[in-house]
file data-v1.cif (mmCIF, C-alpha atoms)
data_structure
#
loop_
_atom_site.label_atom_id
_atom_site.label_comp_id
_atom_site.auth_asym_id
_atom_site.auth_seq_id
_atom_site.Cartn_x
_atom_site.Cartn_y
_atom_site.Cartn_z
CA MET A 10 67.62 66.14 97.28
CA LYS A 11 71.25 66.07 98.32
CA THR A 12 72.91 68.84 100.31
CA LEU A 13 73.88 71.83 98.16
CA ASN A 14 77.55 72.68 98.62
CA LEU A 15 78.43 76.34 98.04
CA SER A 16 81.77 78.15 98.00
CA ALA A 17 81.95 81.94 98.34
CA VAL A 18 84.45 84.65 99.04
CA SER A 19 85.02 85.65 102.65
CA TYR A 20 85.24 89.40 101.93
CA LEU A 21 82.95 92.29 102.79
CA ASN A 22 81.73 92.50 99.18
CA THR A 23 80.17 89.03 99.48
CA TYR A 24 78.45 89.59 102.84
CA PRO A 25 75.07 90.35 101.21
CA PHE A 26 75.20 87.02 99.38
CA VAL A 27 76.15 85.19 102.56
CA TYR A 28 73.44 86.98 104.54
CA GLY A 29 70.83 85.97 101.96
CA ILE A 30 72.00 82.37 101.90
CA LYS A 31 71.95 82.09 105.69
CA GLN A 32 69.01 84.29 106.66
CA SER A 33 66.50 84.46 103.81
CA GLY A 34 64.95 81.06 104.45
CA TYR A 35 65.03 80.15 100.77
CA LEU A 36 67.81 77.59 101.24
CA GLN A 37 67.43 74.81 103.79
CA ASP A 38 69.91 72.00 103.14
CA TYR A 39 73.32 73.46 102.24
CA ASN A 40 76.96 73.74 103.25
CA LEU A 41 78.72 77.07 102.74
CA PHE A 42 82.51 77.33 102.49
CA LEU A 43 84.00 80.83 102.87
CA GLU A 44 87.53 81.45 101.59
CA VAL A 45 89.75 83.75 99.54
CA PRO A 46 88.79 84.05 95.84
CA SER A 47 91.60 81.88 94.54
CA MET A 48 90.37 78.96 96.65
CA CYS A 49 86.76 79.10 95.42
CA ALA A 50 87.78 77.81 92.00
CA GLU A 51 89.79 75.00 93.60
CA ARG A 52 86.79 73.95 95.70
CA LEU A 53 84.71 73.66 92.52
CA LYS A 54 87.42 71.76 90.63
CA SER A 55 87.75 69.23 93.41
CA GLY A 56 84.03 68.55 93.46
CA GLU A 57 83.63 69.79 97.02
CA ALA A 58 81.35 72.59 95.79
CA ASP A 59 78.36 72.35 93.47
CA ILE A 60 78.22 76.11 92.93
CA ALA A 61 81.04 78.57 93.59
CA LEU A 62 81.61 82.30 93.34
CA VAL A 63 84.62 82.05 91.03
CA PRO A 64 87.01 84.86 90.06
CA VAL A 65 86.62 85.52 86.36
CA GLY A 66 90.39 85.26 85.94
CA ALA A 67 90.01 81.55 86.66
CA LEU A 68 87.25 80.90 84.11
CA PRO A 69 89.68 79.96 81.30
CA ASP A 70 90.81 77.04 83.49
CA PHE A 71 87.42 75.37 83.03
CA LYS A 72 86.59 73.65 79.75
CA ASN A 73 82.87 73.82 80.46
CA TYR A 74 81.01 75.82 83.06
CA HIS A 75 77.56 77.27 83.60
CA ILE A 76 76.90 80.78 84.91
CA VAL A 77 74.00 80.03 87.25
CA SER A 78 73.03 83.45 88.56
CA ASP A 79 72.16 86.94 87.35
CA TYR A 80 74.21 88.31 90.26
CA CYS A 81 77.95 88.84 90.46
CA ILE A 82 80.68 90.85 92.13
CA GLY A 83 81.01 93.75 89.71
CA ALA A 84 81.76 97.46 89.46
CA VAL A 85 80.52 100.34 87.35
CA ARG A 86 82.77 102.88 89.08
CA GLN A 87 85.64 102.76 91.56
CA VAL A 88 85.51 99.49 93.45
CA VAL A 89 87.83 100.69 96.28
CA THR A 90 89.13 97.22 97.23
CA VAL A 91 91.08 96.18 94.12
CA LEU A 92 94.06 98.49 93.98
CA LEU A 93 97.50 98.94 92.52
CA LEU A 94 99.40 100.65 95.33
CA SER A 95 102.77 102.15 94.50
CA HIS A 96 105.58 104.35 95.75
CA LYS A 97 106.09 105.64 92.22
CA PRO A 98 103.83 106.85 89.40
CA LEU A 99 102.90 104.29 86.76
CA GLU A 100 105.46 105.33 84.19
CA LYS A 101 108.27 104.82 86.71
CA THR A 102 107.05 101.53 88.15
CA ARG A 103 109.41 98.67 87.34
CA LYS A 104 108.09 95.78 89.44
CA ILE A 105 104.62 94.91 90.69
CA TYR A 106 103.92 92.31 93.35
CA LEU A 107 100.63 90.41 93.03
CA ASP A 108 98.29 89.52 95.87
CA PHE A 109 98.10 85.74 96.33
CA ASP A 110 94.37 85.94 97.04
CA SER A 111 93.19 86.77 93.53
CA ARG A 112 94.08 85.74 90.00
CA THR A 113 91.58 88.16 88.46
CA SER A 114 93.33 91.26 89.74
CA ALA A 115 96.70 89.82 88.70
CA ARG A 116 95.47 89.30 85.16
CA LEU A 117 93.64 92.63 85.09
CA VAL A 118 96.71 94.62 86.05
CA GLN A 119 98.72 92.86 83.35
CA VAL A 120 96.08 93.68 80.73
CA LEU A 121 96.01 97.31 81.83
CA ALA A 122 99.81 97.55 81.89
CA ALA A 123 100.22 96.19 78.37
CA SER A 124 97.18 97.62 76.61
CA TYR A 125 96.24 100.81 78.46
CA TRP A 126 99.12 102.19 80.52
CA LYS A 127 101.73 101.00 77.99
CA ILE A 128 104.27 100.00 80.64
CA THR A 129 106.34 96.84 80.93
CA PRO A 130 106.99 96.09 84.62
CA SER A 131 107.97 92.67 85.89
CA PHE A 132 105.47 90.80 88.05
CA GLU A 133 105.99 88.56 91.07
CA ARG A 134 103.35 86.53 92.90
CA LEU A 135 103.26 86.94 96.67
CA LYS A 136 102.73 84.11 99.13
CA PRO A 137 99.61 83.93 101.32
CA GLY A 138 99.51 86.78 103.85
CA GLN A 139 102.42 88.72 102.38
CA ALA A 140 100.23 91.49 100.95
CA GLU A 141 99.40 92.63 104.49
CA ASP A 142 102.93 92.73 105.90
CA ASP A 143 105.03 95.86 106.23
CA SER A 144 107.69 94.88 103.72
CA GLU A 145 108.88 97.73 101.54
CA ARG A 146 107.74 96.96 98.00
CA GLU A 147 107.82 99.29 95.04
CA ALA A 148 104.24 98.46 94.01
CA ILE A 149 101.63 95.90 94.95
CA VAL A 150 98.24 94.78 93.72
CA ALA A 151 96.09 94.21 96.79
CA ILE A 152 92.48 93.11 97.00
CA GLY A 153 89.75 92.71 99.57
CA ASP A 154 89.29 94.02 103.07
CA LYS A 155 93.03 94.35 103.68
CA THR A 156 93.12 97.35 101.33
CA PHE A 157 91.33 99.49 103.92
CA ALA A 158 94.27 98.97 106.28
CA ILE A 159 97.27 99.21 103.94
CA ARG A 160 96.43 101.77 101.26
CA HIS A 161 97.65 104.68 103.40
CA ARG A 162 101.21 103.30 103.16
CA TYR A 163 101.50 104.21 99.48
CA PRO A 164 101.43 107.69 97.91
CA TYR A 165 100.02 106.39 94.61
CA SER A 166 96.79 104.39 94.36
CA TYR A 167 95.14 103.16 91.17
CA ASP A 168 91.66 101.63 91.37
CA LEU A 169 91.75 98.78 88.86
CA ALA A 170 88.01 98.78 88.17
CA ASP A 171 88.09 102.50 87.47
CA GLU A 172 91.13 102.08 85.22
CA TRP A 173 89.38 99.32 83.26
CA ILE A 174 86.27 101.49 82.83
CA LYS A 175 88.39 104.41 81.57
CA PHE A 176 90.14 102.03 79.19
CA THR A 177 87.08 100.23 77.77
CA SER A 178 84.00 102.30 78.75
CA MET A 179 82.60 99.02 80.11
CA PRO A 180 81.91 97.81 83.64
CA PHE A 181 84.08 95.13 85.18
CA VAL A 182 83.08 91.76 86.63
CA PHE A 183 85.32 90.27 89.30
CA ALA A 184 83.48 87.05 90.13
CA VAL A 185 80.48 85.05 88.94
CA TRP A 186 78.53 82.13 90.36
CA ILE A 187 79.21 79.02 88.28
CA SER A 188 78.70 75.28 88.31
CA LEU A 189 80.42 72.59 86.29
CA LYS A 190 77.22 70.63 85.77
CA PRO A 191 73.71 71.84 84.96
CA VAL A 192 71.76 72.73 88.10
CA HIS A 193 68.05 72.00 88.27
CA LYS A 194 65.72 74.99 88.28
CA ASP A 195 64.24 73.81 91.58
CA ILE A 196 67.64 74.54 93.13
CA LEU A 197 68.52 77.63 91.11
CA ALA A 198 65.32 79.49 91.90
CA PRO A 199 65.70 79.47 95.71
CA PHE A 200 69.46 80.03 95.38
CA ASN A 201 68.96 83.18 93.31
CA ASN A 202 66.12 84.34 95.54
CA ALA A 203 68.48 84.04 98.50
CA LEU A 204 71.12 86.16 96.75
CA LYS A 205 68.51 88.75 95.81
CA PHE A 206 67.26 88.87 99.40
CA GLY A 207 70.74 89.71 100.66
CA ILE A 208 71.38 92.40 98.06
CA GLN A 209 68.07 94.04 98.89
CA ASN A 210 68.82 94.01 102.63
CA ILE A 211 72.12 95.83 103.06
CA GLU A 212 71.13 97.14 106.50
CA GLY A 213 70.34 93.64 107.68
CA THR A 214 73.64 92.45 106.25
CA LEU A 215 75.59 95.13 108.14
CA ASP A 216 73.82 94.28 111.39
CA PHE A 217 74.40 90.55 110.91
CA PHE A 218 78.13 91.00 110.26
CA SER A 219 78.68 93.97 112.59
CA ALA A 220 81.47 92.24 114.53
CA LYS A 221 83.40 91.40 111.34
CA LEU A 222 83.18 94.69 109.44
CA PRO A 223 86.59 96.16 108.52
CA LYS A 224 87.63 99.29 110.33
CA ASN A 225 88.22 102.60 108.55
CA ALA A 226 85.63 101.69 105.91
CA ASP A 227 82.23 103.12 105.04
CA CYS A 228 80.74 99.67 104.61
CA ARG A 229 77.25 100.93 103.79
CA GLN A 230 78.50 103.08 100.93
CA TYR A 231 80.85 100.35 99.74
CA LEU A 232 78.11 97.72 99.45
CA SER A 233 75.52 100.13 98.07
CA GLU A 234 77.63 102.12 95.61
CA ASN A 235 81.06 100.61 94.94
CA ILE A 236 79.93 97.02 94.42
CA SER A 237 77.40 96.45 91.64
CA TYR A 238 75.68 93.08 91.91
CA PRO A 239 73.38 92.62 88.88
CA LEU A 240 75.01 90.62 86.09
CA ASP A 241 73.31 92.64 83.36
CA LYS A 242 73.99 92.89 79.64
CA ALA A 243 76.67 95.57 79.99
CA LYS A 244 78.57 93.54 82.58
CA ARG A 245 78.36 90.40 80.45
CA GLU A 246 79.84 92.36 77.53
CA GLY A 247 82.61 93.69 79.78
CA LEU A 248 83.27 90.16 81.05
CA ASN A 249 83.51 88.79 77.52
CA LEU A 250 85.93 91.55 76.54
CA PHE A 251 88.16 90.82 79.52
CA LEU A 252 88.14 87.10 78.75
CA SER A 253 89.14 87.87 75.17
CA TYR A 254 92.30 89.55 76.52
CA LEU A 255 93.12 86.39 78.45
#
call {"tool": "encode", "arguments": {"input": "data-v1.cif", "output": "C-alpha coordinates"}}
result
Amino acid sequence: MKTLNLSAVSYLNTYPFVYGIKQSGYLQDYNLFLEVPSMCAERLKSGEADIALVPVGALPDFKNYHIVSDYCIGAVRQVVTVLLLSHKPLEKTRKIYLDFDSRTSARLVQVLAASYWKITPSFERLKPGQAEDDSEREAIVAIGDKTFAIRHRYPYSYDLADEWIKFTSMPFVFAVWISLKPVHKDILAPFNNALKFGIQNIEGTLDFFSAKLPKNADCRQYLSENISYPLDKAKREGLNLFLSYL
(Lines of atoms letter the chains of each structure in order from A and count residues from 1; the text may use other names and numbers.)
(Lines give C-alpha, C1' and ligand atoms only; values in the text may rest on other atoms or scores of the structure.)
Protein backbone atom coordinates (compact mmCIF):
# COMPACT_ATOMS: atom_id res chain seq x y z
CA MET A 1 0.00 0.00 0.00
CA LYS A 2 1.42 3.36 -0.98
CA THR A 3 1.96 6.20 1.48
CA LEU A 4 -1.24 8.10 2.27
CA ASN A 5 -0.77 11.83 1.67
CA LEU A 6 -2.98 14.08 3.80
CA SER A 7 -3.46 17.84 3.82
CA ALA A 8 -5.05 19.61 6.80
CA VAL A 9 -5.46 23.06 8.21
CA SER A 10 -2.80 24.34 10.59
CA TYR A 11 -5.27 26.02 12.98
CA LEU A 12 -6.30 25.22 16.53
CA ASN A 13 -9.65 23.85 15.34
CA THR A 14 -7.87 21.03 13.48
CA TYR A 15 -5.53 20.03 16.31
CA PRO A 16 -7.77 17.13 17.42
CA PHE A 17 -7.64 15.70 13.90
CA VAL A 18 -3.87 16.10 13.76
CA TYR A 19 -3.46 14.58 17.22
CA GLY A 20 -5.51 11.56 16.18
CA ILE A 21 -3.59 11.12 12.94
CA LYS A 22 -0.23 11.32 14.68
CA GLN A 23 -0.91 9.67 18.03
CA SER A 24 -3.77 7.19 17.71
CA GLY A 25 -1.73 4.44 16.08
CA TYR A 26 -4.42 3.78 13.47
CA LEU A 27 -2.34 5.28 10.65
CA GLN A 28 1.17 4.04 10.00
CA ASP A 29 2.38 5.06 6.53
CA TYR A 30 1.35 8.66 5.82
CA ASN A 31 2.57 12.17 5.08
CA LEU A 32 0.71 15.09 6.64
CA PHE A 33 0.88 18.61 5.19
CA LEU A 34 -0.34 21.44 7.45
CA GLU A 35 -1.26 24.77 5.85
CA VAL A 36 -3.85 27.54 5.66
CA PRO A 37 -7.30 26.43 4.38
CA SER A 38 -6.93 27.95 0.93
CA MET A 39 -3.83 25.84 0.29
CA CYS A 40 -5.45 22.50 1.22
CA ALA A 41 -7.58 22.56 -1.92
CA GLU A 42 -4.53 23.38 -4.05
CA ARG A 43 -2.63 20.43 -2.57
CA LEU A 44 -5.48 18.12 -3.57
CA LYS A 45 -5.77 19.61 -7.07
CA SER A 46 -2.08 19.14 -7.71
CA GLY A 47 -2.21 15.49 -6.71
CA GLU A 48 0.15 15.98 -3.78
CA ALA A 49 -2.62 14.96 -1.37
CA ASP A 50 -4.89 11.92 -1.54
CA ILE A 51 -7.26 13.31 1.10
CA ALA A 52 -7.54 16.93 2.18
CA LEU A 53 -9.54 18.97 4.65
CA VAL A 54 -10.97 21.36 2.08
CA PRO A 55 -12.88 24.60 2.75
CA VAL A 56 -16.43 24.16 1.51
CA GLY A 57 -16.14 27.43 -0.41
CA ALA A 58 -13.71 25.62 -2.70
CA LEU A 59 -15.94 22.61 -3.39
CA PRO A 60 -17.54 24.14 -6.52
CA ASP A 61 -14.05 24.17 -8.07
CA PHE A 62 -14.07 20.37 -8.22
CA LYS A 63 -16.12 18.59 -10.87
CA ASN A 64 -16.11 15.36 -8.88
CA TYR A 65 -15.16 14.75 -5.28
CA HIS A 66 -15.89 12.28 -2.52
CA ILE A 67 -16.63 13.26 1.08
CA VAL A 68 -14.66 10.55 2.87
CA SER A 69 -15.39 11.21 6.53
CA ASP A 70 -18.29 11.75 8.91
CA TYR A 71 -16.21 14.45 10.62
CA CYS A 72 -15.79 18.08 9.62
CA ILE A 73 -15.00 21.54 10.91
CA GLY A 74 -18.47 22.81 11.74
CA ALA A 75 -20.44 24.99 14.12
CA VAL A 76 -23.87 24.86 15.74
CA ARG A 77 -23.35 28.11 17.65
CA GLN A 78 -20.77 30.90 17.68
CA VAL A 79 -17.53 29.62 16.21
CA VAL A 80 -15.40 32.48 17.63
CA THR A 81 -12.67 32.32 14.96
CA VAL A 82 -14.54 33.35 11.80
CA LEU A 83 -15.40 37.00 12.29
CA LEU A 84 -16.40 40.15 10.50
CA LEU A 85 -14.59 42.86 12.48
CA SER A 86 -15.60 46.44 11.84
CA HIS A 87 -15.24 50.02 13.02
CA LYS A 88 -18.83 50.67 11.99
CA PRO A 89 -22.16 48.86 12.37
CA LEU A 90 -23.25 46.70 9.45
CA GLU A 91 -25.62 49.20 7.90
CA LYS A 92 -22.83 51.78 7.67
CA THR A 93 -20.11 49.45 6.40
CA ARG A 94 -19.05 50.33 2.87
CA LYS A 95 -15.98 48.14 2.28
CA ILE A 96 -14.96 44.76 3.65
CA TYR A 97 -11.48 43.31 3.31
CA LEU A 98 -11.26 39.51 3.03
CA ASP A 99 -8.70 37.30 4.74
CA PHE A 100 -6.44 35.60 2.18
CA ASP A 101 -6.44 32.38 4.19
CA SER A 102 -10.02 31.32 3.50
CA ARG A 103 -12.40 31.36 0.55
CA THR A 104 -15.28 29.95 2.61
CA SER A 105 -15.50 32.94 4.92
CA ALA A 106 -15.20 35.29 1.94
CA ARG A 107 -18.13 33.62 0.22
CA LEU A 108 -20.11 33.33 3.46
CA VAL A 109 -19.87 37.03 4.23
CA GLN A 110 -21.01 37.86 0.70
CA VAL A 111 -24.02 35.55 1.05
CA LEU A 112 -24.92 37.10 4.40
CA ALA A 113 -24.46 40.64 3.09
CA ALA A 114 -26.73 40.11 0.08
CA SER A 115 -29.37 37.79 1.49
CA TYR A 116 -29.52 38.43 5.25
CA TRP A 117 -28.05 41.80 6.19
CA LYS A 118 -29.26 43.43 2.94
CA ILE A 119 -26.15 45.58 2.52
CA THR A 120 -24.02 46.17 -0.57
CA PRO A 121 -20.40 46.81 0.48
CA SER A 122 -17.47 46.41 -1.85
CA PHE A 123 -15.03 43.57 -1.16
CA GLU A 124 -11.26 43.41 -1.53
CA ARG A 125 -9.04 40.36 -1.08
CA LEU A 126 -6.04 40.81 1.19
CA LYS A 127 -2.59 39.40 0.52
CA PRO A 128 -1.06 36.71 2.75
CA GLY A 129 -0.34 38.04 6.24
CA GLN A 130 -2.18 41.33 5.80
CA ALA A 131 -5.08 40.36 8.06
CA GLU A 132 -2.75 40.41 11.06
CA ASP A 133 -1.11 43.79 10.44
CA ASP A 134 -2.11 47.02 12.15
CA SER A 135 -3.39 48.78 9.05
CA GLU A 136 -6.52 50.82 9.62
CA ARG A 137 -9.31 49.13 7.69
CA GLU A 138 -13.00 49.88 7.91
CA ALA A 139 -13.96 46.20 8.19
CA ILE A 140 -12.23 42.87 7.77
CA VAL A 141 -13.19 39.22 7.65
CA ALA A 142 -10.57 37.33 9.66
CA ILE A 143 -10.34 33.63 10.38
CA GLY A 144 -8.32 31.24 12.48
CA ASP A 145 -6.05 31.70 15.45
CA LYS A 146 -5.18 35.28 14.52
CA THR A 147 -8.68 36.38 15.55
CA PHE A 148 -7.79 35.90 19.22
CA ALA A 149 -5.11 38.57 18.86
CA ILE A 150 -6.81 41.16 16.64
CA ARG A 151 -10.51 41.20 17.55
CA HIS A 152 -9.97 43.71 20.36
CA ARG A 153 -8.99 46.34 17.77
CA TYR A 154 -12.54 46.62 16.46
CA PRO A 155 -15.64 47.85 18.33
CA TYR A 156 -18.00 45.71 16.22
CA SER A 157 -17.66 41.94 15.87
CA TYR A 158 -19.99 39.62 13.97
CA ASP A 159 -19.53 35.87 14.30
CA LEU A 160 -20.24 34.53 10.81
CA ALA A 161 -21.34 31.07 11.96
CA ASP A 162 -23.79 32.62 14.40
CA GLU A 163 -25.09 34.99 11.72
CA TRP A 164 -25.62 32.07 9.31
CA ILE A 165 -27.50 30.11 11.99
CA LYS A 166 -29.75 33.11 12.72
CA PHE A 167 -30.35 33.48 8.99
CA THR A 168 -31.08 29.83 8.12
CA SER A 169 -31.70 27.99 11.43
CA MET A 170 -29.10 25.50 10.20
CA PRO A 171 -25.56 24.71 11.36
CA PHE A 172 -22.60 25.72 9.24
CA VAL A 173 -19.82 23.56 7.83
CA PHE A 174 -16.48 25.23 7.15
CA ALA A 175 -14.41 22.31 5.87
CA VAL A 176 -14.83 18.65 4.94
CA TRP A 177 -12.43 15.82 4.24
CA ILE A 178 -12.55 14.95 0.54
CA SER A 179 -10.72 12.94 -2.09
CA LEU A 180 -10.86 13.20 -5.85
CA LYS A 181 -10.76 9.44 -6.32
CA PRO A 182 -12.55 6.68 -4.41
CA VAL A 183 -10.58 5.59 -1.34
CA HIS A 184 -10.58 1.94 -0.32
CA LYS A 185 -12.39 1.07 2.89
CA ASP A 186 -9.19 -0.44 4.28
CA ILE A 187 -7.76 3.09 4.25
CA LEU A 188 -10.91 4.97 5.22
CA ALA A 189 -11.61 2.92 8.32
CA PRO A 190 -8.30 3.62 10.10
CA PHE A 191 -8.34 7.22 8.85
CA ASN A 192 -11.75 7.88 10.39
CA ASN A 193 -10.83 5.99 13.54
CA ALA A 194 -7.82 8.30 13.88
CA LEU A 195 -10.02 11.39 13.54
CA LYS A 196 -12.48 10.01 16.08
CA PHE A 197 -9.65 9.28 18.50
CA GLY A 198 -8.51 12.89 18.39
CA ILE A 199 -11.99 14.33 18.84
CA GLN A 200 -12.56 12.10 21.85
CA ASN A 201 -9.25 13.12 23.43
CA ILE A 202 -9.34 16.91 23.72
CA GLU A 203 -7.20 16.88 26.87
CA GLY A 204 -4.54 14.83 25.12
CA THR A 205 -4.71 17.20 22.17
CA LEU A 206 -4.17 20.24 24.39
CA ASP A 207 -1.21 18.60 26.11
CA PHE A 208 0.33 17.54 22.80
CA PHE A 209 0.06 21.05 21.31
CA SER A 210 0.64 22.99 24.54
CA ALA A 211 3.55 24.99 23.09
CA LYS A 212 1.51 26.08 20.06
CA LEU A 213 -1.80 27.06 21.67
CA PRO A 214 -2.85 30.67 20.95
CA LYS A 215 -2.72 33.08 23.84
CA ASN A 216 -5.83 34.81 25.21
CA ALA A 217 -7.99 31.84 24.20
CA ASP A 218 -9.92 29.27 26.21
CA CYS A 219 -8.76 26.44 23.97
CA ARG A 220 -10.57 23.73 25.90
CA GLN A 221 -13.92 25.47 25.57
CA TYR A 222 -13.24 26.35 21.95
CA LEU A 223 -12.55 22.76 20.91
CA SER A 224 -15.29 21.28 23.06
CA GLU A 225 -18.10 23.78 22.48
CA ASN A 226 -17.44 26.19 19.61
CA ILE A 227 -16.24 23.63 17.07
CA SER A 228 -18.68 20.84 16.23
CA TYR A 229 -17.00 17.91 14.50
CA PRO A 230 -19.67 15.35 13.52
CA LEU A 231 -20.82 15.73 9.92
CA ASP A 232 -24.40 14.76 10.74
CA LYS A 233 -27.61 15.12 8.75
CA ALA A 234 -28.29 18.70 9.89
CA LYS A 235 -24.79 19.82 8.91
CA ARG A 236 -25.07 18.13 5.52
CA GLU A 237 -28.33 20.00 4.92
CA GLY A 238 -26.70 23.27 5.98
CA LEU A 239 -23.76 22.53 3.68
CA ASN A 240 -26.05 21.84 0.73
CA LEU A 241 -27.93 25.08 1.36
CA PHE A 242 -24.72 27.09 1.43
CA LEU A 243 -23.51 25.45 -1.78
CA SER A 244 -26.82 26.34 -3.42
CA TYR A 245 -26.07 30.02 -2.72
CA LEU A 246 -22.72 29.64 -4.47
call {"tool": "resolve_selection", "arguments": {"input": "data-v1.cif", "expression": "the PyMOL selection byres ((chain A and resi 90) around 10)", "output": "ChimeraX atom specification"}}
result
/A:20-22,87-89,91-93,151-157,160,168-170,231,235-236
call {"tool": "closest_atom_pairs", "arguments": {"input": "data-v1.cif", "of": "segment 171-253 of chain A", "to": "segment 27-51 of chain A", "cutoff": "9 Å", "atoms": "all atoms listed in the file", "output": "CSV"}}
result
residue,atom,partner,partner_atom,distance
A:Ala184,CA,A:Pro46,CA,8.4
A:Ile196,CA,A:Leu36,CA,8.7
A:Ala198,CA,A:Tyr35,CA,8.9
A:Pro199,CA,A:Tyr35,CA,5.1
A:Phe200,CA,A:Leu36,CA,6.6
A:Asn201,CA,A:Tyr35,CA,9.0
A:Asn202,CA,A:Tyr35,CA,6.8
A:Ala203,CA,A:Gly29,CA,4.6
A:Leu204,CA,A:Gly29,CA,5.2
A:Lys205,CA,A:Gly29,CA,7.1
A:Phe206,CA,A:Gly29,CA,5.3
A:Gly207,CA,A:Gly29,CA,4.0
A:Ile208,CA,A:Gly29,CA,7.5
A:Asn210,CA,A:Gly29,CA,8.3
A:Gly213,CA,A:Tyr28,CA,8.0
A:Thr214,CA,A:Tyr28,CA,5.7
A:Phe217,CA,A:Tyr28,CA,7.4
A:Phe218,CA,A:Tyr28,CA,8.4
call {"tool": "atom_distance", "arguments": {"input": "data-v1.cif", "atom1": "atom CA of Lys242 of chain A", "atom2": "atom CA of Lys175 of chain A"}}
result
18.5 Å
call {"tool": "closest_residue", "arguments": {"input": "data-v1.cif", "among": "A:Phe132, A:Trp186, A:Tyr254, A:Trp173", "to": "Ala115 of chain A", "atoms": "all atoms listed in the file"}}
result
A:Phe132
call {"tool": "resolve_selection", "arguments": {"input": "data-v1.cif", "expression": "the PyMOL selection byres ((chain A and resi 64) around 6)", "output": "NGL selection string"}}
result
:A and (63 or 65-67 or 113 or 183-184)
call {"tool": "atom_distance", "arguments": {"input": "data-v1.cif", "atom1": "atom CA of Val118 of chain A", "atom2": "atom CA of Met179 of chain A"}}
result
15.9 Å
call {"tool": "atom_distance", "arguments": {"input": "data-v1.cif", "atom1": "atom CA of Phe176 of chain A", "atom2": "atom CA of Leu248 of chain A"}}
result
13.8 Å
call {"tool": "closest_residue", "arguments": {"input": "data-v1.cif", "among": "A:Pro191, A:Gly247, A:Gly138, A:Pro223", "to": "Leu107 of chain A", "atoms": "all atoms listed in the file"}}
result
A:Gly138
call {"tool": "resolve_selection", "arguments": {"input": "data-v1.cif", "expression": "the PyMOL selection byres ((chain A and resi 77) around 7)", "output": "PDB file with C-alpha atoms, keeping the file's coordinate frame"}}
result
ATOM      1  CA  HIS A  75      77.560  77.270  83.600  1.00  0.00           C
ATOM      2  CA  ILE A  76      76.900  80.780  84.910  1.00  0.00           C
ATOM      3  CA  SER A  78      73.030  83.450  88.560  1.00  0.00           C
ATOM      4  CA  TRP A 186      78.530  82.130  90.360  1.00  0.00           C
ATOM      5  CA  ILE A 187      79.210  79.020  88.280  1.00  0.00           C
ATOM      6  CA  SER A 188      78.700  75.280  88.310  1.00  0.00           C
TER       7      SER A 188
END
call {"tool": "closest_residue", "arguments": {"input": "data-v1.cif", "among": "A:Ala17, A:Ala226, A:Val150, A:Ile211", "to": "Cys81 of chain A", "atoms": "all atoms listed in the file"}}
result
A:Ala17
call {"tool": "closest_residue", "arguments": {"input": "data-v1.cif", "among": "A:Glu141, A:Glu212, A:Glu246, A:Asp195", "to": "Ser233 of chain A", "atoms": "only C-alpha atoms"}}
result
A:Glu212
call {"tool": "closest_residue", "arguments": {"input": "data-v1.cif", "among": "A:Arg103, A:Lys97, A:Lys127, A:Arg112", "to": "Asp70 of chain A", "atoms": "all atoms listed in the file"}}
result
A:Arg112
call {"tool": "closest_residue", "arguments": {"input": "data-v1.cif", "among": "A:His193, A:Lys11, A:Lys221, A:Arg146", "to": "Tyr106 of chain A", "atoms": "all atoms listed in the file"}}
result
A:Arg146
